[in-house]
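S.K.: So I've got this file, input.pdb, and it contains PDB, C-alpha atoms:
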MODEL        1
ATOM      1  CA  MET A   1      77.040  39.508 107.810
ATOM      2  CA  ILE A   2      77.615  36.122 106.283
ATOM      3  CA  LEU A   3      80.572  35.234 108.507
ATOM      4  CA  ALA A   4      78.428  35.497 111.610
ATOM      5  CA  ALA A   5      76.617  32.357 110.478
ATOM      6  CA  MET A   6      79.819  30.372 110.169
ATOM      7  CA  VAL A   7      80.693  29.724 113.791
ATOM      8  CA  ALA A   8      82.378  26.349 114.200
ATOM      9  CA  PHE A   9      81.567  24.792 117.532
ATOM     10  CA  LEU A  10      83.751  22.079 119.010
ATOM     11  CA  ALA A  11      81.887  19.925 121.514
ATOM     12  CA  ALA A  12      83.613  18.031 124.285
ATOM     13  CA  CYS A  13      82.662  14.389 124.771
ATOM     14  CA  GLY A  14      82.663  12.306 127.941
ATOM     15  CA  ASN A  15      85.831  11.184 129.636
ATOM     16  CA  SER A  16      87.595   8.013 128.515
ATOM     17  CA  ASP A  17      90.643   6.206 129.832
ATOM     18  CA  GLY A  18      91.910   5.670 126.248
ATOM     19  CA  GLY A  19      92.914   2.094 127.076
ATOM     20  CA  ALA A  20      96.419   3.110 128.141
ATOM     21  CA  LYS A  21      98.296   0.937 130.629
ATOM     22  CA  THR A  22     100.857   2.229 133.089
ATOM     23  CA  ALA A  23     104.421   1.293 132.192
ATOM     24  CA  GLY A  24     106.041  -0.362 135.173
ATOM     25  CA  ALA A  25     105.928   1.281 138.557
ATOM     26  CA  SER A  26     104.118   4.575 138.959
ATOM     27  CA  ALA A  27     107.269   6.283 140.218
ATOM     28  CA  ALA A  28     110.956   5.556 140.451
ATOM     29  CA  ALA A  29     113.551   7.126 142.706
ATOM     30  CA  THR A  30     116.077   9.399 141.068
ATOM     31  CA  SER A  31     119.630   9.840 142.235
ATOM     32  CA  GLY A  32     118.537  12.861 144.231
ATOM     33  CA  GLY A  33     115.802  10.900 145.969
ATOM     34  CA  ALA A  34     112.918  12.684 144.203
ATOM     35  CA  ALA A  35     110.073  10.806 142.530
ATOM     36  CA  LYS A  36     110.261  10.476 138.754
ATOM     37  CA  VAL A  37     106.963  10.366 136.900
ATOM     38  CA  GLN A  38     106.497   7.222 134.809
ATOM     39  CA  PRO A  39     104.302   7.863 131.737
ATOM     40  CA  PRO A  40     101.706   5.346 130.552
ATOM     41  CA  ALA A  41     103.100   2.608 128.312
ATOM     42  CA  VAL A  42     100.708   3.479 125.466
ATOM     43  CA  ILE A  43     100.306   6.913 123.922
ATOM     44  CA  ASN A  44      97.470   7.775 121.530
ATOM     45  CA  TYR A  45      98.373  10.123 118.675
ATOM     46  CA  GLY A  46      95.890  11.753 116.327
ATOM     47  CA  TYR A  47      96.526  12.977 112.788
ATOM     48  CA  ILE A  48      94.493  14.182 109.810
ATOM     49  CA  GLY A  49      93.886  11.902 106.838
ATOM     50  CA  THR A  50      93.309   8.203 106.308
ATOM     51  CA  ASN A  51      95.483   5.695 104.464
ATOM     52  CA  LYS A  52      96.288   2.007 104.502
ATOM     53  CA  LEU A  53      99.591   2.534 106.325
ATOM     54  CA  ASN A  54      97.909   4.549 109.112
ATOM     55  CA  PHE A  55     100.612   7.219 109.254
ATOM     56  CA  PRO A  56     100.634  10.946 108.571
ATOM     57  CA  GLY A  57     103.220  12.605 106.351
ATOM     58  CA  GLY A  58     106.004  14.880 107.521
ATOM     59  CA  ALA A  59     108.662  14.152 110.096
ATOM     60  CA  GLU A  60     106.063  12.686 112.441
ATOM     61  CA  GLY A  61     104.796  10.127 109.939
ATOM     62  CA  TRP A  62     108.255   9.224 108.694
ATOM     63  CA  GLY A  63     109.511   8.764 112.238
ATOM     64  CA  LEU A  64     106.640   6.430 113.080
ATOM     65  CA  TYR A  65     106.918   4.565 109.762
ATOM     66  CA  LYS A  66     110.636   3.906 110.278
ATOM     67  CA  GLY A  67     110.340   3.235 114.018
ATOM     68  CA  ILE A  68     112.618   6.147 114.906
ATOM     69  CA  ILE A  69     110.096   7.824 117.179
ATOM     70  CA  GLN A  70     109.062   4.579 118.845
ATOM     71  CA  GLU A  71     112.694   3.769 119.619
ATOM     72  CA  GLU A  72     113.204   7.154 121.255
ATOM     73  CA  LEU A  73     110.010   6.984 123.317
ATOM     74  CA  LYS A  74     110.874   3.507 124.585
ATOM     75  CA  LYS A  75     113.715   5.100 126.526
ATOM     76  CA  TYR A  76     111.048   6.715 128.703
ATOM     77  CA  GLY A  77     108.827   3.665 129.167
ATOM     78  CA  ILE A  78     106.442   4.287 126.257
ATOM     79  CA  THR A  79     106.262   0.952 124.490
ATOM     80  CA  GLU A  80     103.516   1.685 121.948
ATOM     81  CA  VAL A  81     102.408   4.683 119.879
ATOM     82  CA  LYS A  82      98.871   4.279 118.526
ATOM     83  CA  PRO A  83      98.218   6.517 115.487
ATOM     84  CA  VAL A  84      94.540   7.420 115.036
ATOM     85  CA  ALA A  85      93.333   8.996 111.780
ATOM     86  CA  PHE A  86      90.657  11.708 111.597
ATOM     87  CA  PRO A  87      88.889  13.258 108.603
ATOM     88  CA  ASN A  88      89.317  16.793 109.931
ATOM     89  CA  GLY A  89      90.676  18.889 112.785
ATOM     90  CA  PRO A  90      87.450  19.502 114.723
ATOM     91  CA  ASP A  91      86.803  15.757 115.020
ATOM     92  CA  GLN A  92      90.341  15.225 116.276
ATOM     93  CA  SER A  93      89.980  18.070 118.763
ATOM     94  CA  GLU A  94      86.856  16.487 120.216
ATOM     95  CA  SER A  95      88.743  13.241 120.826
ATOM     96  CA  LEU A  96      91.598  15.111 122.465
ATOM     97  CA  ILE A  97      89.215  17.056 124.687
ATOM     98  CA  SER A  98      87.400  13.875 125.733
ATOM     99  CA  GLY A  99      90.617  12.056 126.640
ATOM    100  CA  ARG A 100      90.585   9.467 123.881
ATOM    101  CA  LEU A 101      93.792  11.018 122.531
ATOM    102  CA  ASP A 102      96.880  12.180 124.378
ATOM    103  CA  PHE A 103      98.173  14.457 121.635
ATOM    104  CA  GLY A 104      97.805  15.100 117.929
ATOM    105  CA  SER A 105      98.889  17.043 114.845
ATOM    106  CA  LEU A 106      96.324  19.137 112.987
ATOM    107  CA  GLY A 107      95.741  22.476 111.295
ATOM    108  CA  ASP A 108      96.346  25.605 113.339
ATOM    109  CA  THR A 109      92.770  26.858 112.851
ATOM    110  CA  PRO A 110      90.979  23.881 114.469
ATOM    111  CA  ALA A 111      93.598  23.791 117.233
ATOM    112  CA  ILE A 112      92.998  27.486 117.981
ATOM    113  CA  LEU A 113      89.224  27.045 117.812
ATOM    114  CA  ALA A 114      89.410  24.199 120.311
ATOM    115  CA  ARG A 115      91.544  26.244 122.693
ATOM    116  CA  SER A 116      89.074  29.123 122.387
ATOM    117  CA  THR A 117      86.328  26.845 123.764
ATOM    118  CA  GLY A 118      88.443  26.125 126.831
ATOM    119  CA  ALA A 119      90.137  22.925 125.650
ATOM    120  CA  LYS A 120      92.978  22.151 128.041
ATOM    121  CA  THR A 121      95.753  21.748 125.498
ATOM    122  CA  ARG A 122      99.249  23.106 124.971
ATOM    123  CA  ALA A 123     100.905  23.622 121.607
ATOM    124  CA  ILE A 124     104.305  21.918 121.467
ATOM    125  CA  THR A 125     105.334  21.788 117.782
ATOM    126  CA  GLN A 126     104.747  23.986 114.757
ATOM    127  CA  ASN A 127     105.026  21.417 111.985
ATOM    128  CA  SER A 128     104.580  23.750 109.008
ATOM    129  CA  THR A 129     103.593  27.304 108.152
ATOM    130  CA  ASP A 130     102.560  27.056 104.523
ATOM    131  CA  ASN A 131      99.302  25.125 104.248
ATOM    132  CA  ILE A 132      97.657  26.412 101.070
ATOM    133  CA  GLY A 133      93.894  26.517 100.690
ATOM    134  CA  TYR A 134      92.540  26.262  97.129
ATOM    135  CA  LEU A 135      89.164  27.336  95.796
ATOM    136  CA  ILE A 136      88.011  25.040  92.982
ATOM    137  CA  GLY A 137      84.955  25.755  90.828
ATOM    138  CA  LYS A 138      82.601  23.370  89.104
ATOM    139  CA  LYS A 139      82.973  22.877  85.378
ATOM    140  CA  GLY A 140      81.039  25.597  83.596
ATOM    141  CA  GLY A 141      80.601  27.462  86.872
ATOM    142  CA  PRO A 142      82.295  30.453  88.541
ATOM    143  CA  THR A 143      85.840  31.267  87.462
ATOM    144  CA  THR A 144      86.516  34.462  89.435
ATOM    145  CA  ILE A 145      86.051  35.506  93.047
ATOM    146  CA  ALA A 146      83.398  38.033  91.985
ATOM    147  CA  ASP A 147      81.440  35.185  90.361
ATOM    148  CA  LEU A 148      80.879  33.701  93.831
ATOM    149  CA  LYS A 149      78.096  36.191  94.626
ATOM    150  CA  GLY A 150      75.015  34.198  95.570
ATOM    151  CA  LYS A 151      76.818  30.864  95.071
ATOM    152  CA  THR A 152      77.200  27.793  97.308
ATOM    153  CA  ILE A 153      80.653  26.656  98.439
ATOM    154  CA  ALA A 154      81.443  23.356 100.128
ATOM    155  CA  ILE A 155      83.901  23.809 103.000
ATOM    156  CA  GLN A 156      85.266  21.806 105.902
ATOM    157  CA  LYS A 157      84.127  23.874 108.860
ATOM    158  CA  GLY A 158      86.791  24.550 111.435
ATOM    159  CA  SER A 159      89.684  23.724 109.098
ATOM    160  CA  PHE A 160      92.493  25.975 107.892
ATOM    161  CA  MET A 161      90.608  26.091 104.573
ATOM    162  CA  HIS A 162      87.576  27.481 106.431
ATOM    163  CA  ARG A 163      89.749  30.314 107.699
ATOM    164  CA  TYR A 164      91.044  30.882 104.137
ATOM    165  CA  ILE A 165      87.637  31.104 102.462
ATOM    166  CA  ALA A 166      86.142  33.169 105.293
ATOM    167  CA  GLY A 167      89.015  35.622 104.988
ATOM    168  CA  LEU A 168      88.815  35.675 101.200
ATOM    169  CA  VAL A 169      85.092  36.455 101.100
ATOM    170  CA  LYS A 170      85.564  39.244 103.636
ATOM    171  CA  GLU A 171      88.648  40.629 101.918
ATOM    172  CA  GLN A 172      86.960  40.698  98.502
ATOM    173  CA  ASN A 173      83.587  41.843  99.896
ATOM    174  CA  VAL A 174      81.597  39.133  98.127
ATOM    175  CA  PRO A 175      77.937  39.100  99.285
ATOM    176  CA  ASP A 176      75.378  36.328  99.678
ATOM    177  CA  VAL A 177      77.789  33.396  99.658
ATOM    178  CA  LYS A 178      76.396  30.216 101.198
ATOM    179  CA  PHE A 179      78.761  27.788 102.927
ATOM    180  CA  ILE A 180      77.893  24.162 103.588
ATOM    181  CA  HIS A 181      80.032  21.721 105.544
ATOM    182  CA  MET A 182      81.288  18.705 103.589
ATOM    183  CA  LEU A 183      84.309  16.486 104.106
ATOM    184  CA  ARG A 184      86.687  16.412 101.158
ATOM    185  CA  PRO A 185      85.402  13.243  99.401
ATOM    186  CA  ASP A 186      81.795  14.422  99.696
ATOM    187  CA  GLY A 187      82.706  17.891  98.462
ATOM    188  CA  GLU A 188      84.572  16.512  95.457
ATOM    189  CA  ALA A 189      81.619  14.310  94.548
ATOM    190  CA  ALA A 190      79.130  17.161  94.958
ATOM    191  CA  LEU A 191      81.281  19.434  92.797
ATOM    192  CA  SER A 192      81.507  16.796  90.073
ATOM    193  CA  ARG A 193      77.719  16.481  90.061
ATOM    194  CA  GLY A 194      77.278  20.261  89.986
ATOM    195  CA  GLU A 195      75.440  20.291  93.318
ATOM    196  CA  VAL A 196      77.754  23.005  94.664
ATOM    197  CA  ASP A 197      79.337  25.869  92.758
ATOM    198  CA  ALA A 198      82.794  25.617  94.307
ATOM    199  CA  MET A 199      84.714  23.960  97.120
ATOM    200  CA  THR A 200      87.821  24.510  99.184
ATOM    201  CA  ASN A 201      90.496  21.863  98.945
ATOM    202  CA  SER A 202      94.090  21.265  99.968
ATOM    203  CA  ALA A 203      97.099  21.209  97.717
ATOM    204  CA  ILE A 204      97.585  17.748  96.264
ATOM    205  CA  PHE A 205      93.860  16.997  95.955
ATOM    206  CA  ALA A 206      93.192  20.424  94.453
ATOM    207  CA  LEU A 207      95.925  19.974  91.851
ATOM    208  CA  LYS A 208      94.359  16.675  90.811
ATOM    209  CA  GLN A 209      91.021  18.434  90.315
ATOM    210  CA  ILE A 210      92.699  21.118  88.207
ATOM    211  CA  GLU A 211      94.339  18.426  86.074
ATOM    212  CA  ASN A 212      90.851  16.987  85.543
ATOM    213  CA  GLY A 213      89.522  20.252  84.191
ATOM    214  CA  PHE A 214      87.980  21.927  87.228
ATOM    215  CA  PRO A 215      88.777  25.663  87.251
ATOM    216  CA  LEU A 216      91.068  27.143  89.892
ATOM    217  CA  ILE A 217      89.314  30.260  91.154
ATOM    218  CA  ASP A 218      91.863  31.270  93.777
ATOM    219  CA  ASP A 219      94.458  29.984  96.220
ATOM    220  CA  ALA A 220      96.083  31.277  99.386
ATOM    221  CA  THR A 221      99.467  31.908  97.761
ATOM    222  CA  LYS A 222      97.903  35.142  96.508
ATOM    223  CA  HIS A 223      96.929  36.082 100.069
ATOM    224  CA  PRO A 224      99.858  35.401 102.453
ATOM    225  CA  ASN A 225      97.757  36.439 105.445
ATOM    226  CA  LEU A 226      95.351  33.575 104.664
ATOM    227  CA  ILE A 227      97.956  30.797 104.558
ATOM    228  CA  GLY A 228      97.527  28.148 107.221
ATOM    229  CA  GLY A 229      99.865  26.016 109.247
ATOM    230  CA  SER A 230     100.043  22.719 111.102
ATOM    231  CA  ILE A 231     100.606  22.294 114.795
ATOM    232  CA  THR A 232     100.954  19.542 117.386
ATOM    233  CA  VAL A 233      99.071  19.885 120.656
ATOM    234  CA  VAL A 234      99.093  17.765 123.798
ATOM    235  CA  SER A 235      96.488  17.545 126.536
ATOM    236  CA  GLU A 236      97.314  19.123 129.874
ATOM    237  CA  ASP A 237      96.229  15.873 131.544
ATOM    238  CA  TYR A 238      98.942  13.992 129.671
ATOM    239  CA  LEU A 239     101.525  16.600 130.583
ATOM    240  CA  LYS A 240     100.770  15.903 134.241
ATOM    241  CA  LYS A 241     101.696  12.269 133.591
ATOM    242  CA  PHE A 242     104.784  13.124 131.538
ATOM    243  CA  PRO A 243     105.924  16.753 131.989
ATOM    244  CA  ASP A 244     109.021  16.252 129.821
ATOM    245  CA  PHE A 245     107.005  14.972 126.875
ATOM    246  CA  PRO A 246     107.323  18.123 124.701
ATOM    247  CA  LYS A 247     111.118  18.001 124.915
ATOM    248  CA  VAL A 248     111.213  14.239 124.313
ATOM    249  CA  TRP A 249     108.759  14.372 121.397
ATOM    250  CA  ASN A 250     110.496  17.226 119.633
ATOM    251  CA  ALA A 251     113.885  15.545 120.000
ATOM    252  CA  ALA A 252     112.476  12.351 118.463
ATOM    253  CA  ARG A 253     110.833  14.369 115.686
ATOM    254  CA  GLU A 254     114.104  16.171 114.965
ATOM    255  CA  LYS A 255     115.890  12.843 114.644
ATOM    256  CA  ALA A 256     113.215  11.624 112.211
ATOM    257  CA  LEU A 257     113.465  14.837 110.193
ATOM    258  CA  LYS A 258     117.216  14.509 109.787
ATOM    259  CA  ASP A 259     116.736  10.935 108.639
ATOM    260  CA  LEU A 260     114.165  11.793 105.957
ATOM    261  CA  GLN A 261     116.290  14.725 104.779
ATOM    262  CA  SER A 262     119.029  12.221 104.032
ATOM    263  CA  LYS A 263     116.626   9.983 102.066
ATOM    264  CA  PRO A 264     114.464  12.295  99.928
ATOM    265  CA  ASP A 265     113.585   9.757  97.231
ATOM    266  CA  GLU A 266     112.496   7.211  99.810
ATOM    267  CA  TYR A 267     110.475   9.849 101.659
ATOM    268  CA  TYR A 268     108.536  10.933  98.551
ATOM    269  CA  GLN A 269     107.846   7.283  97.782
ATOM    270  CA  PHE A 270     106.474   6.967 101.320
ATOM    271  CA  LEU A 271     104.139   9.931 100.711
ATOM    272  CA  SER A 272     103.034   8.285  97.481
ATOM    273  CA  GLN A 273     101.997   5.209  99.438
ATOM    274  CA  LEU A 274      99.985   7.413 101.793
ATOM    275  CA  ASN A 275      97.979   9.424  99.265
ATOM    276  CA  GLY A 276      98.169   7.464  96.007
ATOM    277  CA  PHE A 277      99.756  10.295  94.038
ATOM    278  CA  THR A 278     103.113  10.066  92.289
ATOM    279  CA  PRO A 279     106.364  10.817  94.136
ATOM    280  CA  GLU A 280     106.960  13.627  91.624
ATOM    281  CA  LEU A 281     103.663  15.321  92.469
ATOM    282  CA  ASN A 282     104.317  14.923  96.182
ATOM    283  CA  LYS A 283     107.719  16.537  95.743
ATOM    284  CA  LYS A 284     106.085  19.462  93.957
ATOM    285  CA  VAL A 285     103.286  19.976  96.467
ATOM    286  CA  THR A 286     104.914  19.091  99.795
ATOM    287  CA  PRO A 287     108.680  19.539  99.437
ATOM    288  CA  ILE A 288     110.832  18.498 102.357
ATOM    289  CA  GLU A 289     112.042  22.080 102.690
ATOM    290  CA  THR A 290     108.624  23.155 104.006
ATOM    291  CA  ILE A 291     108.877  20.946 107.103
ATOM    292  CA  LYS A 292     109.738  23.179 110.035
ATOM    293  CA  GLU A 293     112.982  22.396 111.807
ATOM    294  CA  VAL A 294     112.754  25.026 114.550
ATOM    295  CA  ASN A 295     109.636  25.483 116.672
ATOM    296  CA  PHE A 296     107.729  28.740 117.002
ATOM    297  CA  LYS A 297     110.046  31.107 115.196
ATOM    298  CA  ASP A 298     108.901  34.722 114.951
ATOM    299  CA  ASP A 299     107.253  34.258 111.545
ATOM    300  CA  GLY A 300     105.406  31.161 112.733
ATOM    301  CA  VAL A 301     104.122  32.842 115.882
ATOM    302  CA  LYS A 302     103.032  35.832 113.803
ATOM    303  CA  LEU A 303     101.019  33.496 111.562
ATOM    304  CA  LEU A 304      99.346  31.881 114.570
ATOM    305  CA  ASP A 305      98.573  35.237 116.147
ATOM    306  CA  GLY A 306      97.085  36.577 112.915
ATOM    307  CA  THR A 307      94.907  33.480 112.534
ATOM    308  CA  LYS A 308      93.712  33.726 116.131
ATOM    309  CA  LYS A 309      92.909  37.427 115.794
ATOM    310  CA  PHE A 310      90.886  36.834 112.637
ATOM    311  CA  LEU A 311      88.901  33.986 114.196
ATOM    312  CA  VAL A 312      88.155  36.069 117.282
ATOM    313  CA  ASP A 313      87.273  39.231 115.357
ATOM    314  CA  GLU A 314      84.902  37.327 113.072
ATOM    315  CA  LYS A 315      83.343  35.504 116.044
ATOM    316  CA  LEU A 316      84.373  32.126 114.656
ATOM    317  CA  ALA A 317      86.260  31.528 117.901
ATOM    318  CA  GLU A 318      84.272  31.508 121.128
ATOM    319  CA  LYS A 319      86.690  33.678 123.089
ATOM    320  CA  ASP A 320      90.183  35.122 122.969
ATOM    321  CA  PHE A 321      93.131  33.667 124.864
ATOM    322  CA  ASP A 322      96.803  34.440 125.474
ATOM    323  CA  LEU A 323      98.763  32.787 122.664
ATOM    324  CA  ASN A 324     102.036  32.876 124.579
ATOM    325  CA  GLN A 325     100.438  31.029 127.479
ATOM    326  CA  TRP A 326      99.338  28.300 125.070
ATOM    327  CA  LEU A 327     102.673  27.738 123.351
ATOM    328  CA  LEU A 328     105.311  25.605 125.021
ATOM    329  CA  LYS A 329     108.463  26.933 123.379
TER
ENDMDL
END
In structure tokens, how does this file's structure come out?
M.R.:
Amino acid sequence: MILAAMVAFLAACGNSDGGAKTAGASAAATSGGAAKVQPPAVINYGYIGTNKLNFPGGAEGWGLYKGIIQEELKKYGITEVKPVAFPNGPDQSESLISGRLDFGSLGDTPAILARSTGAKTRAITQNSTDNIGYLIGKKGGPTTIADLKGKTIAIQKGSFMHRYIAGLVKEQNVPDVKFIHMLRPDGEAALSRGEVDAMTNSAIFALKQIENGFPLIDDATKHPNLIGGSITVVSEDYLKKFPDFPKVWNAAREKALKDLQSKPDEYYQFLSQLNGFTPELNKKVTPIETIKEVNFKDDGVKLLDGTKKFLVDEKLAEKDFDLNQWLLK
């Protein structure tokens, strides 16, 4: 079966101290006489995508851009948040596993795949539950799912789009499809040159391709069970240093979300600076309403559980694990 050849392995690298310095004393006495853990002064945060501002989108990116999150974390001795961009989720997961990152936001599929390999992480925020994968064909190439028989598709292995295309091919029973791993820019270039027959892409970049005449073969809106999500995970090592971090982070994120909700035009302009597309297109593709306000609601947990089950059943994940033990609600 074709899916058996699509296993995405996430390798752990060597340990690294991440360059973080301890903020002040290692412990301070509380009013009850117990020791209070003092987190490191610097926290390293990973996100997907690169841009000149070095921020992600969403409440997390807005909060960092406006200094809202930094101001909240300073109350706990964290004086610097270092955002680190990654081209995809598996690369970010490797850095988290190796200790170069303390926490990060990424697609639910790579986060689940990393956990399935034994990565010592905990999920603390469900940022969104409507990441749409798109399947774009080359000009003059396949235009239907059935046309994919015997064709080559560029994918980002280990991403939420990988889960989408793997599920689509299985669901539609399309034989002899070949998948090759390419990051988005490489995939777009290969598609333009006709070197691949189709590629998976994410919303705003896919819509640009469609505007430029590349055919839309399919997208995950037609298959609700194949929609992805975004999640924030933190290393268990960092939680030992700062056990209250999930509560502190989510409170800071909530404050940032309320701020951007009050300034929609400014927020879409911010997204435009990140990705180079117009504020109008950003509003269409990533409306503020899709940013999750409440963590791990029933529908969100159901999405995560369905994704995990698929990855395990198709042997894309190394082993199963207890989802409820992973989530910090």
S.K.: Can I get the residues of range 84-111 of chain A within 7 Å of range 45-62 of chain A, each with the closest pair of atoms and their distance in Å to one decimal, using all atoms listed in the file, sorted chain first then ascending number, as a Markdown table?
M.R.:
| residue | atom | partner | partner_atom | distance |
| --- | --- | --- | --- | --- |
| A:Val84 | CA | A:Gly46 | CA | 4.7 |
| A:Ala85 | CA | A:Tyr47 | CA | 5.2 |
| A:Phe86 | CA | A:Ile48 | CA | 4.9 |
| A:Pro87 | CA | A:Gly49 | CA | 5.5 |
| A:Asn88 | CA | A:Ile48 | CA | 5.8 |
| A:Gly89 | CA | A:Ile48 | CA | 6.8 |
| A:Gln92 | CA | A:Gly46 | CA | 6.5 |
| A:Leu101 | CA | A:Tyr45 | CA | 6.1 |
| A:Asp102 | CA | A:Tyr45 | CA | 6.2 |
| A:Phe103 | CA | A:Tyr45 | CA | 5.3 |
| A:Gly104 | CA | A:Gly46 | CA | 4.2 |
| A:Ser105 | CA | A:Tyr47 | CA | 5.1 |
| A:Leu106 | CA | A:Ile48 | CA | 6.2 |
S.K.: Given the choices A:Gln269, A:Ser116, A:Asn250, A:Asn225, which gets closest to Phe160 in chain A if the distance is worked out from all atoms listed in the file?
M.R.: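 Comparing A:Gln269, A:Ser116, A:Asn250, A:Asn225 against Phe160 in chain A, the winner is A:Asn225.
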S.K.: Have a look at A:Val234, A:Ile217, A:Leu226, A:Val42 and name the one nearest to Trp249 in chain A; count only C-alpha atoms.
M.R.: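 Using only C-alpha atoms, the shortest distance to Trp249 in chain A belongs to A:Val234.
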S.K.: Using all atoms listed in the file, which of A:Ile69, A:Ala154, A:Leu148, A:Ile231 sits nearest Asn295 in chain A?
M.R.: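 So, comparing all the options, the nearest one is A:Ile231.
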S.K.: Using all atoms listed in the file, determine which residues lie at most 12 Å from Glu72 in chain A, disregarding the query and same-chain residues fewer than 5 positions distant; provide the list as a PDB file with C-alpha atoms, in the coordinates of the input.
M.R.:
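Okay, result20.pdb is ready:
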ATOM      1  CA  GLY A  63     109.511   8.764 112.238  1.00  0.00           C
ATOM      2  CA  LEU A  64     106.640   6.430 113.080  1.00  0.00           C
ATOM      3  CA  LYS A  66     110.636   3.906 110.278  1.00  0.00           C
ATOM      4  CA  GLY A  67     110.340   3.235 114.018  1.00  0.00           C
ATOM      5  CA  GLY A  77     108.827   3.665 129.167  1.00  0.00           C
ATOM      6  CA  ILE A  78     106.442   4.287 126.257  1.00  0.00           C
ATOM      7  CA  THR A  79     106.262   0.952 124.490  1.00  0.00           C
ATOM      8  CA  GLU A  80     103.516   1.685 121.948  1.00  0.00           C
ATOM      9  CA  VAL A  81     102.408   4.683 119.879  1.00  0.00           C
ATOM     10  CA  PHE A 245     107.005  14.972 126.875  1.00  0.00           C
ATOM     11  CA  LYS A 247     111.118  18.001 124.915  1.00  0.00           C
ATOM     12  CA  VAL A 248     111.213  14.239 124.313  1.00  0.00           C
ATOM     13  CA  TRP A 249     108.759  14.372 121.397  1.00  0.00           C
ATOM     14  CA  ASN A 250     110.496  17.226 119.633  1.00  0.00           C
ATOM     15  CA  ALA A 251     113.885  15.545 120.000  1.00  0.00           C
ATOM     16  CA  ALA A 252     112.476  12.351 118.463  1.00  0.00           C
ATOM     17  CA  ARG A 253     110.833  14.369 115.686  1.00  0.00           C
ATOM     18  CA  GLU A 254     114.104  16.171 114.965  1.00  0.00           C
ATOM     19  CA  LYS A 255     115.890  12.843 114.644  1.00  0.00           C
ATOM     20  CA  ALA A 256     113.215  11.624 112.211  1.00  0.00           C
TER      21      ALA A 256
END
S.K.: Restricting the calculation to all atoms listed in the file: of A:Asn201, A:Asn282, A:Gln209, A:Gln172, which residue gets closest to Gly133 in chain A?
M.R.: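 Checking each candidate against Gly133 in chain A, we get A:Asn201 as the closest.
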S.K.: Between CA of Gly107 in chain A and CA of Leu304 in chain A, what distance in Å does the model show, to one decimal?
M.R.: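 Separation of CA of Gly107 in chain A and CA of Leu304 in chain A: 10.6 Å.
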S.K.: Rounded to one decimal, what separation in Å do you get between CA of Leu73 in chain A and CA of Asp237 in chain A?
M.R.: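 That distance, rounded to one decimal, is 18.3 Å.
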S.K.: CA of Gln273 in chain A and CA of Tyr134 in chain A are how many Å apart?
M.R.: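 Spanning CA of Gln273 in chain A to CA of Tyr134 in chain A is a straight-line distance of 23.2 Å.
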S.K.: Write out as a PDB file with C-alpha atoms, in the coordinates of the input which residues come within 12 Å of Phe296 in chain A when counting all atoms listed in the file, dropping same-chain ones fewer than 3 positions away.
M.R.:
ATOM      1  CA  ALA A 123     100.905  23.622 121.607  1.00  0.00           C
ATOM      2  CA  ILE A 124     104.305  21.918 121.467  1.00  0.00           C
ATOM      3  CA  THR A 125     105.334  21.788 117.782  1.00  0.00           C
ATOM      4  CA  GLN A 126     104.747  23.986 114.757  1.00  0.00           C
ATOM      5  CA  ASN A 127     105.026  21.417 111.985  1.00  0.00           C
ATOM      6  CA  SER A 128     104.580  23.750 109.008  1.00  0.00           C
ATOM      7  CA  THR A 129     103.593  27.304 108.152  1.00  0.00           C
ATOM      8  CA  GLY A 229      99.865  26.016 109.247  1.00  0.00           C
ATOM      9  CA  SER A 230     100.043  22.719 111.102  1.00  0.00           C
ATOM     10  CA  ILE A 231     100.606  22.294 114.795  1.00  0.00           C
ATOM     11  CA  THR A 232     100.954  19.542 117.386  1.00  0.00           C
ATOM     12  CA  LYS A 292     109.738  23.179 110.035  1.00  0.00           C
ATOM     13  CA  GLU A 293     112.982  22.396 111.807  1.00  0.00           C
ATOM     14  CA  ASP A 299     107.253  34.258 111.545  1.00  0.00           C
ATOM     15  CA  GLY A 300     105.406  31.161 112.733  1.00  0.00           C
ATOM     16  CA  VAL A 301     104.122  32.842 115.882  1.00  0.00           C
ATOM     17  CA  LYS A 302     103.032  35.832 113.803  1.00  0.00           C
ATOM     18  CA  LEU A 303     101.019  33.496 111.562  1.00  0.00           C
ATOM     19  CA  LEU A 304      99.346  31.881 114.570  1.00  0.00           C
ATOM     20  CA  ASP A 305      98.573  35.237 116.147  1.00  0.00           C
ATOM     21  CA  LEU A 323      98.763  32.787 122.664  1.00  0.00           C
ATOM     22  CA  ASN A 324     102.036  32.876 124.579  1.00  0.00           C
ATOM     23  CA  TRP A 326      99.338  28.300 125.070  1.00  0.00           C
ATOM     24  CA  LEU A 327     102.673  27.738 123.351  1.00  0.00           C
ATOM     25  CA  LEU A 328     105.311  25.605 125.021  1.00  0.00           C
ATOM     26  CA  LYS A 329     108.463  26.933 123.379  1.00  0.00           C
TER      27      LYS A 329
END
S.K.: May I ask which of the residues A:Pro175, A:Gly213, A:Gly228, A:Gly194 is the closest one to Thr307 in chain A, counting only C-alpha atoms?
M.R.: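 For Thr307 in chain A, the nearest of the candidates is A:Gly228.
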S.K.: From the set A:Lys120, A:Lys170, A:Arg163, A:Lys139, which residue has the shortest atom-to-atom contact distance to Gly306 in chain A, counting all atoms listed in the file?
M.R.: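 Among A:Lys120, A:Lys170, A:Arg163, A:Lys139, it is A:Arg163 that comes nearest to Gly306 in chain A.
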S.K.: Evaluated on this file, the PyMOL selection byres ((chain A and resi 190) around 12) picks out some residues - which ones are they, written as a list in words?
M.R.: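 Output from the PyMOL selection byres ((chain A and resi 190) around 12), applied to this file: Gly137, Lys138, Lys139, Thr152, Ile153, Ala154, Ile155, Ile180, His181, Met182, Leu183, Arg184, Pro185, Asp186, Gly187, Glu188, Ala189, Leu191, Ser192, Arg193, Gly194, Glu195, Val196, Asp197, Ala198 and Met199 of chain A.
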